[in-house]
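Worksheet: the structure to be examined is printed underneath.
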Amino acid sequence: MSDAAWPRKVAVVGAGTMGAGIAQVFAAHGVPTVVVDASPELSEEARARAVELLARLEAAGSVESGATATAKRHLSAAATIAAAVGDADLVVEAVFERPDVKTAAYEEIEAAATPDTVIATNTSSIPIAELALALRRPGRFLGVHWFVPPLLVPCVEVIPTASTEPGVVEKVLGALTALGKTAVAVGDGPGFVANRIQFAMFREAARIVEDGVATPEQVDEIVRSSFGFRLPFFGPFTIADMAGLDVYADIFDTLERGLGEGFAAPAVLRDHVARGEYGVKAGRGFLELSQDEARELVDRRDRAYVALARLRAEGES
Ligand SMILES: NC(=O)c1ccc[n+]([C@@H]2O[C@H](COP(=O)([O-])OP(=O)(O)OC[C@H]3O[C@@H](n4cnc5c(N)ncnc54)[C@H](O)[C@@H]3O)[C@@H](O)[C@H]2O)c1
């Protein structure tokens, strides 16, 4: 059972790849969860699929033993949205990534849910404030963006709008933490944080292929074996600080000359460089590190990379 007293029941509306996966997480932690899709048959199929996929993970030793039995006991399928959401504390919306489909679902959800039921959209990219316009009670609405597969990827972005009640954000963050997730509350905007970065990377990867610089296979290999190799441990700011922000600024100059102003060095980087804050080597960059902390960071980096290289070799053997 989840540590949190909230939510006592979850309804997942739209039980495709993500909805079924999110339902798995709650149900496997003993939270009563109901899935509903576009028809009673699709809802039941999604329930069965969620249990079956969990059983496969359990058989492979990838989740705790007993998780499938717990999920099976706590997961059900509903025939309609009205039947699913009536007594839910939390409704997770994971229908198609189309504003018209989502807003039509909100109308049905709000008609049947209690006034303080929290409604969370799993949209990947649509600004939450835009979707909130369709809600009669936007105070209980927010973005809760999971990553595929929800059971295994740690991060969940939580995106309140200016109208979301602070208590709603706290409850959602508490529930996600109790599920063992890394929940990070961020500002609203197209693609939030992860997809804005991920799609910028993909756009550039595609342009590299269009320009004939590398094949998709080569791009994949280079990304996963170069800067992608660092990403399980360090985010872009720590990586930039370790590389040197002065070096980054010089590289941006070359990229801008060759690839256009979309590659101009960001002002926040220039500001650090102008102040002599070059990162780890200067003791200050985006992060502030004492000499001891900088040494510790580099040691941790080296240990992590050795361990990851072993893990990769195991995975590929
Ligand atoms: N696929 C991903 O990697 C991913 C990751 C994070 C977020 N998301 C987001 O999650 C949402 C769902 O994505 P997905 O990949 O699971 O899509 P999907 O196509 O697999 O699933 C969507 C489901 O919604 C159902 N549906 C459509 N209209 C409905 C309605 N009115 N009532 C009930 N069910 C309805 C469909 O039948 C389908 O099963 C999207 O907003 C998407 O952007 C997707």
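A note on labels: chains of the structure tokens are A, B, ... as shown, every chain counts residues from 1, and ligands are counted from 1 in their shown order.
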
Exercise. Do you know which residues are at most 9 Å from A:Gly187 counting only C-alpha atoms, after dropping those on the same chain fewer than 2 positions away, and could you put them as a VMD selection string?
Worked result: chain A and resid 158 to 161 185 189 192 to 193

For this session: Determine, counting only C-alpha atoms, which protein, DNA and RNA residues have an atom within 12 Å of an atom of A:Ile197; residues of the same chain fewer than 6 positions away are not included. Present the result as number ranges by chain.
Result: A: 125, 190-191, 203-204, 235-236

Exercise. Which polymer residues have any atom within 9 Å of an atom of A:Asp241, counting only C-alpha atoms, with same-chain residues fewer than 4 positions away left out, as number ranges by chain?
Worked result: A: 236-237, 245, 278-281, 284-287

Restricting the output to N, CA and C atoms, write the selected residues as an mmCIF file, in the first residue's frame.
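Now in again_19.cif:
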data_model
loop_
_atom_site.group_PDB
_atom_site.id
_atom_site.type_symbol
_atom_site.label_atom_id
_atom_site.label_comp_id
_atom_site.auth_asym_id
_atom_site.auth_seq_id
_atom_site.Cartn_x
_atom_site.Cartn_y
_atom_site.Cartn_z
ATOM 1 N N PRO A 236 22.479 19.173 -17.803
ATOM 2 C CA PRO A 236 23.261 20.038 -18.693
ATOM 3 C C PRO A 236 24.047 21.135 -17.980
ATOM 4 N N PHE A 237 23.552 21.630 -16.854
ATOM 5 C CA PHE A 237 24.292 22.716 -16.195
ATOM 6 C C PHE A 237 25.543 22.193 -15.488
ATOM 7 N N LEU A 245 32.649 27.125 -18.810
ATOM 8 C CA LEU A 245 31.664 27.970 -19.506
ATOM 9 C C LEU A 245 32.328 28.859 -20.551
ATOM 10 N N TYR A 278 33.632 30.602 -14.701
ATOM 11 C CA TYR A 278 33.795 29.632 -15.786
ATOM 12 C C TYR A 278 33.347 28.222 -15.413
ATOM 13 N N GLY A 279 32.852 28.052 -14.199
ATOM 14 C CA GLY A 279 32.421 26.710 -13.800
ATOM 15 C C GLY A 279 33.348 26.131 -12.753
ATOM 16 N N VAL A 280 33.455 24.794 -12.762
ATOM 17 C CA VAL A 280 34.191 24.084 -11.707
ATOM 18 C C VAL A 280 35.604 24.648 -11.535
ATOM 19 N N LYS A 281 36.287 24.932 -12.632
ATOM 20 C CA LYS A 281 37.686 25.392 -12.525
ATOM 21 C C LYS A 281 37.793 26.764 -11.858
ATOM 22 N N ARG A 284 32.978 28.657 -9.438
ATOM 23 C CA ARG A 284 31.633 29.205 -9.580
ATOM 24 C C ARG A 284 31.226 29.235 -11.049
ATOM 25 N N GLY A 285 30.029 28.775 -11.300
ATOM 26 C CA GLY A 285 29.470 28.833 -12.657
ATOM 27 C C GLY A 285 27.969 28.853 -12.466
ATOM 28 N N PHE A 286 27.273 27.914 -13.101
ATOM 29 C CA PHE A 286 25.844 27.790 -12.784
ATOM 30 C C PHE A 286 25.705 27.257 -11.363
ATOM 31 N N LEU A 287 26.662 26.418 -10.946
ATOM 32 C CA LEU A 287 26.661 25.901 -9.576
ATOM 33 C C LEU A 287 27.757 26.627 -8.806
#

For this session: Check stretch 17-117 of chain A with DSSP on the backbone and list each residue it calls helix (DSSP H, G or I), as a PyMOL selection string.
Result: chain A and resi 17-28+40-59+67-74+81-85+99-112

Exercise. How would you write, as a ChimeraX atom specification, the set of residues no farther than 8 Å from ligand 1 when counting only C-alpha atoms and all ligand atoms?
Worked result: /A:13-20,36-39,42,46,81,93-98,101-102,104-105,121-125,145-149

Exercise. Looking at only C-alpha atoms, which of A:Ala120, A:Leu231, A:Leu152, A:Val273 is the one that sits closest to A:Tyr248?
Worked result: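 Among A:Ala120, A:Leu231, A:Leu152, A:Val273, it is A:Val273 that comes nearest to A:Tyr248.
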
Problem set entry | Non-local contacts of stretch 59-76 of chain A (12 Å; only C-alpha atoms; under 3 positions in same chain excluded) as number ranges by chain | A: 1-2, 8-12, 15, 20-37, 40, 43-56, 79, 83-84, 151-152

Exercise. So, counting only C-alpha atoms, which residue among A:Gly174, A:Gly283, A:Gly143, A:Pro115 is closest to A:Trp6?
Worked result: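 Smallest separation from A:Trp6 among the options: A:Gly174.
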
For this session: Have a look at A:Leu269, A:Ala200, A:Val144, A:Leu133 and name the one nearest to A:Ala240; count only C-alpha atoms.
Result: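 Of the candidates, the smallest distance to A:Ala240 is held by A:Leu269.
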
For this session: Go ahead and compute the interatomic distance for atom CA of A:His272 and atom CA of A:Gly244, in Å to one decimal.
Result: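 Going from atom CA of A:His272 over to atom CA of A:Gly244 covers 10.7 Å.
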
For this session: Name all residues at most 7 Å from stretch 138-141 of chain A (count only C-alpha atoms; drop same-chain ones fewer than 4 positions away) and give them as JSON, numbers by chain.
Result: {"A": [116, 117, 118, 119, 120, 132, 163, 164, 165, 168]}

Exercise. Of the candidates A:Tyr106, A:Glu288, A:Ala205, A:Ala243, which shows the shortest atom-to-atom distance to A:Glu221, using only C-alpha atoms?
Worked result: A:Ala205

Exercise. Which is closest to A:Leu259 among A:Glu217, A:Asp299, A:Asp246, A:Asp211, if we use only C-alpha atoms?
Worked result: A:Asp211

Problem set entry | Among the residues A:Val223, A:Leu135, A:Val153, A:Ile239, the one that comes closest to A:Phe202 [using only C-alpha atoms] |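 Counting only C-alpha atoms, the residue closest to A:Phe202 is A:Val223.
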
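You will find atom CA of A:Pro7 at 5.4 Å from atom CA of A:Asp89.
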
Problem set entry | Two-atom distance - atom CA of A:Gly86, atom CA of A:Ala113 (Å) |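 Atom CA of A:Ala113 lies at a distance of 4.8 Å from atom CA of A:Gly86.
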